[in-house]
>>> print(open('protein_5.cif').read())   # mmCIF, C-alpha atoms
data_target
loop_
_atom_site.group_PDB
_atom_site.id
_atom_site.type_symbol
_atom_site.label_atom_id
_atom_site.label_comp_id
_atom_site.auth_asym_id
_atom_site.auth_seq_id
_atom_site.Cartn_x
_atom_site.Cartn_y
_atom_site.Cartn_z
ATOM 1 C CA MET Z 742 0.000 0.000 0.000
ATOM 2 C CA THR Z 743 1.225 3.490 -0.705
ATOM 3 C CA LYS Z 744 0.301 6.346 1.556
ATOM 4 C CA VAL Z 745 -0.971 9.439 -0.220
ATOM 5 C CA ALA Z 746 -1.417 12.754 1.529
ATOM 6 C CA HIS Z 747 -4.903 14.222 1.580
ATOM 7 C CA HIS Z 748 -5.509 17.925 1.105
ATOM 8 C CA THR Z 749 -8.402 20.302 1.346
ATOM 9 C CA TRP Z 750 -10.218 21.009 -1.903
ATOM 10 C CA PRO Z 751 -10.175 23.465 -3.525
ATOM 11 C CA ASP Z 752 -6.941 25.357 -2.894
ATOM 12 C CA GLY Z 753 -4.456 27.296 -4.995
ATOM 13 C CA SER Z 754 -2.143 24.323 -5.370
ATOM 14 C CA ARG Z 755 -4.918 22.082 -6.652
ATOM 15 C CA ARG Z 756 -6.172 24.691 -9.085
ATOM 16 C CA SER Z 757 -2.630 25.076 -10.386
ATOM 17 C CA ARG Z 758 -2.241 21.319 -10.821
ATOM 18 C CA LEU Z 759 -5.592 21.136 -12.571
ATOM 19 C CA GLN Z 760 -4.321 23.689 -15.077
ATOM 20 C CA GLN Z 761 -1.153 21.668 -15.630
ATOM 21 C CA VAL Z 762 -2.872 18.323 -16.184
ATOM 22 C CA GLY Z 763 -5.934 19.752 -17.901
ATOM 23 C CA ALA Z 764 -4.432 19.135 -21.332
ATOM 24 C CA ASP Z 765 -3.708 15.492 -20.455
ATOM 25 C CA LEU Z 766 -7.243 14.955 -19.195
ATOM 26 C CA ALA Z 767 -8.752 16.679 -22.229
ATOM 27 C CA LEU Z 768 -6.624 14.689 -24.686
ATOM 28 C CA ALA Z 769 -7.651 11.402 -23.070
ATOM 29 C CA VAL Z 770 -11.275 12.187 -23.927
ATOM 30 C CA VAL Z 771 -10.475 11.392 -27.595
ATOM 31 C CA PRO Z 772 -9.644 7.658 -27.180
ATOM 32 C CA LEU Z 773 -12.290 7.384 -24.460
ATOM 33 C CA THR Z 774 -14.978 8.668 -26.831
ATOM 34 C CA ALA Z 775 -13.756 6.461 -29.670
ATOM 35 C CA LEU Z 776 -13.866 3.278 -27.607
ATOM 36 C CA ALA Z 777 -17.149 4.189 -25.930
ATOM 37 C CA THR Z 778 -18.720 4.834 -29.336
ATOM 38 C CA THR Z 779 -17.429 1.515 -30.682
ATOM 39 C CA THR Z 780 -18.745 -0.327 -27.635
ATOM 40 C CA TRP Z 781 -22.111 1.448 -27.828
ATOM 41 C CA TRP Z 782 -22.453 0.517 -31.502
ATOM 42 C CA LEU Z 783 -21.427 -3.135 -31.109
ATOM 43 C CA LEU Z 784 -23.683 -3.791 -28.126
ATOM 44 C CA GLU Z 785 -26.523 -1.587 -29.416
ATOM 45 C CA LEU Z 786 -26.705 0.173 -26.071
ATOM 46 C CA PRO Z 787 -29.021 3.093 -25.229
ATOM 47 C CA GLY Z 788 -27.722 6.652 -25.171
ATOM 48 C CA GLY Z 789 -27.507 6.541 -21.368
ATOM 49 C CA TYR Z 790 -24.371 4.444 -21.777
ATOM 50 C CA PHE Z 791 -22.412 7.555 -22.760
ATOM 51 C CA ALA Z 792 -23.583 9.313 -19.603
ATOM 52 C CA GLN Z 793 -22.261 6.429 -17.498
ATOM 53 C CA VAL Z 794 -18.869 6.586 -19.178
ATOM 54 C CA ALA Z 795 -18.745 10.370 -18.796
ATOM 55 C CA VAL Z 796 -19.597 10.250 -15.091
ATOM 56 C CA ALA Z 797 -16.932 7.595 -14.538
ATOM 57 C CA TYR Z 798 -14.310 9.698 -16.326
ATOM 58 C CA VAL Z 799 -15.191 12.885 -14.446
ATOM 59 C CA GLY Z 800 -14.879 10.935 -11.198
ATOM 60 C CA LEU Z 801 -11.464 9.643 -12.253
ATOM 61 C CA ALA Z 802 -10.311 13.148 -13.237
ATOM 62 C CA LEU Z 803 -11.363 14.580 -9.866
ATOM 63 C CA LEU Z 804 -9.545 11.817 -7.999
ATOM 64 C CA LEU Z 805 -6.390 12.389 -10.035
ATOM 65 C CA VAL Z 806 -6.329 16.110 -9.339
ATOM 66 C CA TRP Z 807 -7.189 15.542 -5.673
ATOM 67 C CA HIS Z 808 -4.270 13.167 -5.136
ATOM 68 C CA LEU Z 809 -1.658 14.783 -7.341
ATOM 69 C CA PRO Z 810 1.505 15.617 -5.375
ATOM 70 C CA ASP Z 811 2.022 19.255 -4.466
ATOM 71 C CA ARG Z 812 5.426 19.438 -6.129
ATOM 72 C CA ALA Z 813 4.715 21.440 -9.255
ATOM 73 C CA THR Z 814 6.250 20.421 -12.565
ATOM 74 C CA ALA Z 815 5.831 21.589 -16.109
ATOM 75 C CA GLU Z 816 5.275 18.052 -17.407
ATOM 76 C CA GLY Z 817 1.715 17.487 -16.318
ATOM 77 C CA LEU Z 818 1.109 13.842 -15.507
ATOM 78 C CA GLY Z 819 4.327 12.673 -17.146
ATOM 79 C CA ALA Z 820 4.721 9.990 -19.818
ATOM 80 C CA ALA Z 821 4.151 6.931 -17.605
ATOM 81 C CA ASN Z 822 1.050 8.329 -15.921
ATOM 82 C CA ARG Z 823 -0.296 9.442 -19.300
ATOM 83 C CA LEU Z 824 -0.066 5.826 -20.426
ATOM 84 C CA THR Z 825 -1.871 4.739 -17.260
ATOM 85 C CA LEU Z 826 -4.558 7.304 -18.062
ATOM 86 C CA GLY Z 827 -4.719 5.802 -21.546
ATOM 87 C CA ARG Z 828 -5.349 2.410 -19.947
ATOM 88 C CA ALA Z 829 -8.202 4.010 -18.035
ATOM 89 C CA THR Z 830 -9.841 5.044 -21.315
ATOM 90 C CA LEU Z 831 -9.954 1.330 -22.180
ATOM 91 C CA ILE Z 832 -11.291 0.221 -18.818
ATOM 92 C CA LEU Z 833 -14.006 2.807 -18.167
ATOM 93 C CA PRO Z 834 -16.127 1.848 -21.212
ATOM 94 C CA LEU Z 835 -15.964 -1.767 -20.016
ATOM 95 C CA SER Z 836 -17.065 -0.707 -16.543
ATOM 96 C CA ALA Z 837 -20.202 0.853 -18.015
ATOM 97 C CA ILE Z 838 -20.965 -2.504 -19.672
ATOM 98 C CA ALA Z 839 -20.574 -4.260 -16.330
ATOM 99 C CA ALA Z 840 -23.120 -1.877 -14.827
ATOM 100 C CA ARG Z 841 -25.753 -3.019 -17.341
ATOM 101 C CA PRO Z 842 -27.567 -6.395 -17.573
ATOM 102 C CA VAL Z 843 -26.319 -7.086 -21.091
ATOM 103 C CA VAL Z 844 -26.155 -10.455 -22.815
ATOM 104 C CA LEU Z 845 -22.539 -11.297 -23.619
ATOM 105 C CA ALA Z 846 -22.764 -12.947 -27.025
ATOM 106 C CA ALA Z 847 -19.640 -14.609 -28.414
ATOM 107 C CA ASP Z 848 -18.565 -11.638 -30.523
ATOM 108 C CA ILE Z 849 -19.076 -9.248 -27.617
ATOM 109 C CA ALA Z 850 -17.118 -11.526 -25.281
ATOM 110 C CA TRP Z 851 -14.179 -11.601 -27.705
ATOM 111 C CA TYR Z 852 -14.326 -7.828 -27.997
ATOM 112 C CA ILE Z 853 -14.186 -7.420 -24.214
ATOM 113 C CA ILE Z 854 -11.319 -9.904 -24.001
ATOM 114 C CA GLY Z 855 -9.406 -7.990 -26.675
ATOM 115 C CA VAL Z 856 -9.809 -4.596 -24.993
ATOM 116 C CA ALA Z 857 -9.012 -5.965 -21.528
ATOM 117 C CA THR Z 858 -5.951 -7.802 -22.848
ATOM 118 C CA VAL Z 859 -4.542 -4.566 -24.256
ATOM 119 C CA ALA Z 860 -5.150 -2.888 -20.882
ATOM 120 C CA LEU Z 861 -3.346 -5.730 -19.083
ATOM 121 C CA VAL Z 862 -0.375 -5.674 -21.463
ATOM 122 C CA LEU Z 863 0.014 -1.910 -21.098
ATOM 123 C CA ASP Z 864 0.068 -2.413 -17.327
ATOM 124 C CA GLY Z 865 3.652 -3.581 -17.635
ATOM 125 C CA VAL Z 866 4.638 -0.807 -20.014
ATOM 126 C CA ASP Z 867 3.770 2.198 -17.843
ATOM 127 C CA GLY Z 868 5.854 0.887 -14.950
ATOM 128 C CA TRP Z 869 8.770 0.216 -17.314
ATOM 129 C CA MET Z 870 8.505 3.770 -18.650
ATOM 130 C CA ALA Z 871 8.551 5.231 -15.136
ATOM 131 C CA ARG Z 872 11.643 3.205 -14.176
ATOM 132 C CA ARG Z 873 13.445 3.960 -17.429
ATOM 133 C CA SER Z 874 12.891 7.710 -17.041
ATOM 134 C CA HIS Z 875 13.748 7.567 -13.305
ATOM 135 C CA LYS Z 876 10.361 9.056 -12.454
ATOM 136 C CA VAL Z 877 8.882 6.344 -10.271
ATOM 137 C CA SER Z 878 6.602 8.012 -7.718
ATOM 138 C CA PRO Z 879 4.144 6.991 -4.979
ATOM 139 C CA PHE Z 880 1.406 8.767 -6.937
ATOM 140 C CA GLY Z 881 2.130 6.813 -10.122
ATOM 141 C CA ALA Z 882 2.319 3.514 -8.243
ATOM 142 C CA ARG Z 883 -0.984 4.239 -6.495
ATOM 143 C CA PHE Z 884 -2.670 5.285 -9.747
ATOM 144 C CA ASP Z 885 -1.519 2.089 -11.435
ATOM 145 C CA MET Z 886 -2.533 -0.134 -8.520
ATOM 146 C CA GLU Z 887 -6.004 1.345 -8.115
ATOM 147 C CA LEU Z 888 -6.671 1.073 -11.845
ATOM 148 C CA ASP Z 889 -5.604 -2.584 -11.788
ATOM 149 C CA SER Z 890 -7.952 -3.243 -8.873
ATOM 150 C CA PHE Z 891 -10.813 -1.564 -10.694
ATOM 151 C CA LEU Z 892 -10.175 -3.607 -13.840
ATOM 152 C CA MET Z 893 -10.286 -6.827 -11.797
ATOM 153 C CA LEU Z 894 -13.615 -5.763 -10.282
ATOM 154 C CA VAL Z 895 -15.043 -4.970 -13.726
ATOM 155 C CA LEU Z 896 -13.884 -8.308 -15.168
ATOM 156 C CA SER Z 897 -15.255 -10.264 -12.205
ATOM 157 C CA ILE Z 898 -18.672 -8.644 -12.669
ATOM 158 C CA LEU Z 899 -18.579 -9.426 -16.388
ATOM 159 C CA VAL Z 900 -17.719 -13.053 -15.620
ATOM 160 C CA TRP Z 901 -20.806 -13.210 -13.430
ATOM 161 C CA ARG Z 902 -22.929 -11.533 -16.118
ATOM 162 C CA SER Z 903 -21.681 -14.107 -18.638
ATOM 163 C CA GLY Z 904 -23.816 -16.662 -16.805
ATOM 164 C CA LYS Z 905 -20.985 -19.175 -16.544
ATOM 165 C CA VAL Z 906 -20.143 -18.524 -12.894
ATOM 166 C CA GLU Z 907 -22.468 -17.666 -10.025
ATOM 167 C CA ALA Z 908 -22.458 -14.289 -8.262
ATOM 168 C CA TRP Z 909 -19.572 -15.356 -6.011
ATOM 169 C CA ALA Z 910 -17.276 -14.543 -8.951
ATOM 170 C CA ILE Z 911 -17.569 -10.876 -7.941
ATOM 171 C CA LEU Z 912 -15.540 -11.744 -4.829
ATOM 172 C CA ILE Z 913 -12.490 -11.969 -7.091
ATOM 173 C CA GLY Z 914 -12.658 -8.216 -7.636
ATOM 174 C CA LEU Z 915 -13.470 -7.186 -4.077
ATOM 175 C CA PRO Z 916 -10.470 -8.108 -1.852
ATOM 176 C CA ARG Z 917 -8.584 -4.852 -2.457
ATOM 177 C CA TYR Z 918 -11.603 -2.784 -1.418
ATOM 178 C CA LEU Z 919 -12.401 -5.033 1.542
ATOM 179 C CA TYR Z 920 -8.763 -4.734 2.620
ATOM 180 C CA VAL Z 921 -8.917 -0.926 2.510
ATOM 181 C CA ALA Z 922 -12.194 -0.930 4.459
ATOM 182 C CA ALA Z 923 -10.705 -3.282 7.047
ATOM 183 C CA GLY Z 924 -7.809 -0.873 7.465
ATOM 184 C CA TRP Z 925 -10.170 1.639 9.053
ATOM 185 C CA VAL Z 926 -10.943 -0.942 11.749
ATOM 186 C CA TRP Z 927 -7.446 -2.397 12.081
ATOM 187 C CA PRO Z 928 -4.814 0.356 11.536
ATOM 188 C CA MET Z 929 -2.178 -2.338 11.178
ATOM 189 C CA LEU Z 930 -3.470 -2.956 7.639
ATOM 190 C CA ARG Z 931 -2.770 0.640 6.638
ATOM 191 C CA ALA Z 932 0.980 0.150 7.013
ATOM 192 C CA GLU Z 933 3.082 0.176 3.855
ATOM 193 C CA LEU Z 934 3.995 -3.183 2.362
ATOM 194 C CA PRO Z 935 7.353 -3.839 0.701
ATOM 195 C CA PRO Z 936 7.449 -4.384 -3.080
ATOM 196 C CA SER Z 937 6.568 -7.945 -3.997
ATOM 197 C CA VAL Z 938 7.038 -9.946 -7.197
ATOM 198 C CA ARG Z 939 4.465 -12.393 -5.830
ATOM 199 C CA ARG Z 940 1.856 -9.660 -5.591
ATOM 200 C CA LYS Z 941 2.459 -8.590 -9.189
ATOM 201 C CA ALA Z 942 2.367 -12.185 -10.425
ATOM 202 C CA VAL Z 943 -0.914 -12.809 -8.628
ATOM 203 C CA CYS Z 944 -2.428 -9.715 -10.240
ATOM 204 C CA VAL Z 945 -1.444 -10.926 -13.714
ATOM 205 C CA THR Z 946 -2.691 -14.440 -12.970
ATOM 206 C CA GLN Z 947 -5.966 -13.060 -11.689
ATOM 207 C CA GLY Z 948 -6.525 -11.057 -14.869
ATOM 208 C CA VAL Z 949 -5.618 -13.945 -17.179
ATOM 209 C CA LEU Z 950 -7.956 -16.370 -15.380
ATOM 210 C CA LEU Z 951 -10.828 -13.893 -15.539
ATOM 211 C CA LEU Z 952 -10.279 -13.477 -19.278
ATOM 212 C CA VAL Z 953 -10.251 -17.259 -19.647
ATOM 213 C CA CYS Z 954 -13.623 -17.382 -17.889
ATOM 214 C CA LEU Z 955 -15.041 -14.934 -20.436
ATOM 215 C CA GLY Z 956 -13.852 -16.981 -23.419
ATOM 216 C CA PRO Z 957 -16.841 -18.208 -25.495
ATOM 217 C CA ILE Z 958 -15.129 -21.566 -26.033
ATOM 218 C CA ILE Z 959 -14.804 -22.120 -22.269
ATOM 219 C CA SER Z 960 -17.540 -24.241 -20.684
ATOM 220 C CA PRO Z 961 -19.272 -23.173 -17.452
ATOM 221 C CA ALA Z 962 -17.470 -25.965 -15.586
ATOM 222 C CA LEU Z 963 -14.042 -24.798 -16.744
ATOM 223 C CA ALA Z 964 -14.964 -21.176 -16.099
ATOM 224 C CA THR Z 965 -16.023 -22.045 -12.562
ATOM 225 C CA ALA Z 966 -12.753 -23.883 -11.973
ATOM 226 C CA ALA Z 967 -10.724 -20.963 -13.335
ATOM 227 C CA ALA Z 968 -12.643 -18.455 -11.208
ATOM 228 C CA ALA Z 969 -12.194 -20.598 -8.104
ATOM 229 C CA SER Z 970 -8.458 -20.804 -8.793
ATOM 230 C CA ALA Z 971 -8.221 -17.033 -9.166
ATOM 231 C CA LEU Z 972 -10.042 -16.507 -5.880
ATOM 232 C CA ALA Z 973 -7.857 -19.043 -4.072
ATOM 233 C CA VAL Z 974 -4.595 -17.524 -5.327
ATOM 234 C CA LEU Z 975 -5.819 -14.041 -4.442
ATOM 235 C CA ALA Z 976 -6.855 -15.101 -0.932
ATOM 236 C CA TYR Z 977 -3.436 -16.688 -0.417
ATOM 237 C CA SER Z 978 -1.626 -13.506 -1.479
ATOM 238 C CA PHE Z 979 -3.653 -11.296 0.837
ATOM 239 C CA ALA Z 980 -3.184 -13.767 3.694
ATOM 240 C CA VAL Z 981 0.595 -13.649 3.239
ATOM 241 C CA ASP Z 982 0.588 -9.839 3.388
ATOM 242 C CA ILE Z 983 -1.670 -9.719 6.446
ATOM 243 C CA LEU Z 984 0.495 -12.251 8.282
ATOM 244 C CA TRP Z 985 3.602 -10.233 7.411
ATOM 245 C CA LEU Z 986 2.029 -7.080 8.839
ATOM 246 C CA ALA Z 987 0.929 -8.914 11.986
ATOM 247 C CA ARG Z 988 4.386 -10.355 12.559
ATOM 248 C CA SER Z 989 6.030 -6.989 11.894
ATOM 249 C CA ARG Z 990 3.816 -5.393 14.502
ATOM 250 C CA SER Z 991 4.431 -8.118 17.064
ATOM 251 C CA ASP Z 992 8.208 -7.891 16.465
ATOM 252 C CA GLY Z 993 8.126 -4.120 16.874
ATOM 253 C CA ARG Z 994 9.312 -3.469 13.331
ATOM 254 C CA ASP Z 995 8.092 -0.560 11.268
ATOM 255 C CA ALA Z 996 6.045 -2.094 8.430
#
>>> encode(input="protein_5.cif", output="C-alpha cells")
Amino acid sequence: MTKVAHHTWPDGSRRSRLQQVGADLALAVVPLTALATTTWWLLELPGGYFAQVAVAYVGLALLLVWHLPDRATAEGLGAANRLTLGRATLILPLSAIAARPVVLAADIAWYIIGVATVALVLDGVDGWMARRSHKVSPFGARFDMELDSFLMLVLSILVWRSGKVEAWAILIGLPRYLYVAAGWVWPMLRAELPPSVRRKAVCVTQGVLLLVCLGPIISPALATAAAASALAVLAYSFAVDILWLARSRSDGRDA
C-alpha cells in the first residue's frame, strides 16, 4: 500500500495542478470517446451508456487532481502516468458494460477480451517507462494499482454476467476494497507493504484467469474452476501480506 497525503479542496495548489494536467485529461477524452462509441455501436446500447462513461471519467479526473503531489512540474502527468490514463480510457467503457444487464454474445465476449488484454499488457509498459525515465513516484504507483484493482472488479462482474459462474465470482474483484475498508478498523493494515514480485504475479494471474472465464469456447465448468483458482490464489496472497504485517507489529518493526 502506498500512503498518499490528503488535502483540502479546492486550494491554490490544486487549481494550479488542474491547469497543468488539464491538457492530459482533455486529450484522453479522444480515445475514451472512440472506444465508448465503438462499444455502444457493437452492443446496441441506449444513449444513457455515454452518460455512465462520462460520469466515470469525471470521477477519475477529480480523484487524479485531488491526489496529485504538491510538487509542481511543467510536465503534467508525465509519460508513464499518461499511459496509465490511456489504460483508463480502455477500462471505463468496459465498466459501463458491467453496470448493465447485457447479454454477452460470443462476438461481444471476444471484444471485451481484446480490450481488456490490451489494458493488461500496457500495465507492464507504464511501470517500465517510469523506471526507465527515473520518475517512479508513490502517486504513479498508487494510480496504477487502483486502476488494476478496478479492472479486476469490472472483469469479475462481467464473468458473473456471462452466466458461466455464479455471483460469487464478484468476490475476485473485491479483496482490495475489503482490505482498505478493514484498514479503518485495524490500523495495522494501513501500514506500507514492501514491493513484492508475488503480488504482481498474482495480479497478472488473476486477470488472465478472468479473461479465460469470459472466453466463449470455455464451458461453465471450466470457467467455474478458473474463477475458483483465481479466488484461491488471491486469498493466499492477501493472507501472506496480512500475516507479514501482523508479525512486523508483534516484532516491533516498522512495516
>>> resolve_selection(input="protein_5.cif", expression="the PyMOL selection byres ((chain Z and resi 794) around 12)", output="short mmCIF file (atom, residue, chain, number, x, y, z; two decimals) with C-alpha atoms, in the coordinates of the input")
data_model
loop_
_atom_site.label_atom_id
_atom_site.label_comp_id
_atom_site.auth_asym_id
_atom_site.auth_seq_id
_atom_site.Cartn_x
_atom_site.Cartn_y
_atom_site.Cartn_z
CA VAL Z 770 -11.28 12.19 -23.93
CA LEU Z 773 -12.29 7.38 -24.46
CA THR Z 774 -14.98 8.67 -26.83
CA ALA Z 775 -13.76 6.46 -29.67
CA LEU Z 776 -13.87 3.28 -27.61
CA ALA Z 777 -17.15 4.19 -25.93
CA THR Z 778 -18.72 4.83 -29.34
CA THR Z 780 -18.74 -0.33 -27.64
CA TRP Z 781 -22.11 1.45 -27.83
CA GLY Z 788 -27.72 6.65 -25.17
CA GLY Z 789 -27.51 6.54 -21.37
CA TYR Z 790 -24.37 4.44 -21.78
CA PHE Z 791 -22.41 7.56 -22.76
CA ALA Z 792 -23.58 9.31 -19.60
CA GLN Z 793 -22.26 6.43 -17.50
CA ALA Z 795 -18.74 10.37 -18.80
CA VAL Z 796 -19.60 10.25 -15.09
CA ALA Z 797 -16.93 7.60 -14.54
CA TYR Z 798 -14.31 9.70 -16.33
CA VAL Z 799 -15.19 12.88 -14.45
CA GLY Z 800 -14.88 10.94 -11.20
CA LEU Z 801 -11.46 9.64 -12.25
CA ALA Z 829 -8.20 4.01 -18.04
CA THR Z 830 -9.84 5.04 -21.32
CA LEU Z 831 -9.95 1.33 -22.18
CA ILE Z 832 -11.29 0.22 -18.82
CA LEU Z 833 -14.01 2.81 -18.17
CA PRO Z 834 -16.13 1.85 -21.21
CA LEU Z 835 -15.96 -1.77 -20.02
CA SER Z 836 -17.07 -0.71 -16.54
CA ALA Z 837 -20.20 0.85 -18.02
CA ILE Z 838 -20.96 -2.50 -19.67
CA ALA Z 839 -20.57 -4.26 -16.33
CA ALA Z 840 -23.12 -1.88 -14.83
CA ARG Z 841 -25.75 -3.02 -17.34
#
>>> atom_distance(input="protein_5.cif", atom1="atom CA of Z:Arg823", atom2="atom CA of Z:Val862")
15.3 Å
>>> resolve_selection(input="protein_5.cif", expression="the PyMOL selection byres ((chain Z and resi 977-983) around 9)", output="PDB file with C-alpha atoms, in the coordinates of the input")
ATOM      1  CA  PRO Z 916     -10.470  -8.108  -1.852  1.00  0.00           C
ATOM      2  CA  ARG Z 917      -8.584  -4.852  -2.457  1.00  0.00           C
ATOM      3  CA  TYR Z 920      -8.763  -4.734   2.620  1.00  0.00           C
ATOM      4  CA  MET Z 929      -2.178  -2.338  11.178  1.00  0.00           C
ATOM      5  CA  LEU Z 930      -3.470  -2.956   7.639  1.00  0.00           C
ATOM      6  CA  LEU Z 934       3.995  -3.183   2.362  1.00  0.00           C
ATOM      7  CA  ARG Z 939       4.465 -12.393  -5.830  1.00  0.00           C
ATOM      8  CA  ARG Z 940       1.856  -9.660  -5.591  1.00  0.00           C
ATOM      9  CA  VAL Z 943      -0.914 -12.809  -8.628  1.00  0.00           C
ATOM     10  CA  LEU Z 972     -10.042 -16.507  -5.880  1.00  0.00           C
ATOM     11  CA  ALA Z 973      -7.857 -19.043  -4.072  1.00  0.00           C
ATOM     12  CA  VAL Z 974      -4.595 -17.524  -5.327  1.00  0.00           C
ATOM     13  CA  LEU Z 975      -5.819 -14.041  -4.442  1.00  0.00           C
ATOM     14  CA  ALA Z 976      -6.855 -15.101  -0.932  1.00  0.00           C
ATOM     15  CA  LEU Z 984       0.495 -12.251   8.282  1.00  0.00           C
ATOM     16  CA  TRP Z 985       3.602 -10.233   7.411  1.00  0.00           C
ATOM     17  CA  LEU Z 986       2.029  -7.080   8.839  1.00  0.00           C
ATOM     18  CA  ALA Z 987       0.929  -8.914  11.986  1.00  0.00           C
ATOM     19  CA  ARG Z 988       4.386 -10.355  12.559  1.00  0.00           C
TER      20      ARG Z 988
END
>>> atom_distance(input="protein_5.cif", atom1="atom CA of Z:Ala802", atom2="atom CA of Z:Leu766")
6.9 Å
>>> resolve_selection(input="protein_5.cif", expression="the PyMOL selection byres ((chain Z and resi 915) around 12)", output="list in words")
Asp889, Ser890, Phe891, Leu892, Met893, Leu894, Val895, Leu896, Ser897, Ile898, Trp909, Ala910, Ile911, Leu912, Ile913, Gly914, Pro916, Arg917, Tyr918, Leu919, Tyr920, Val921, Ala922, Leu972, Leu975, Ala976 and Phe979 of chain Z
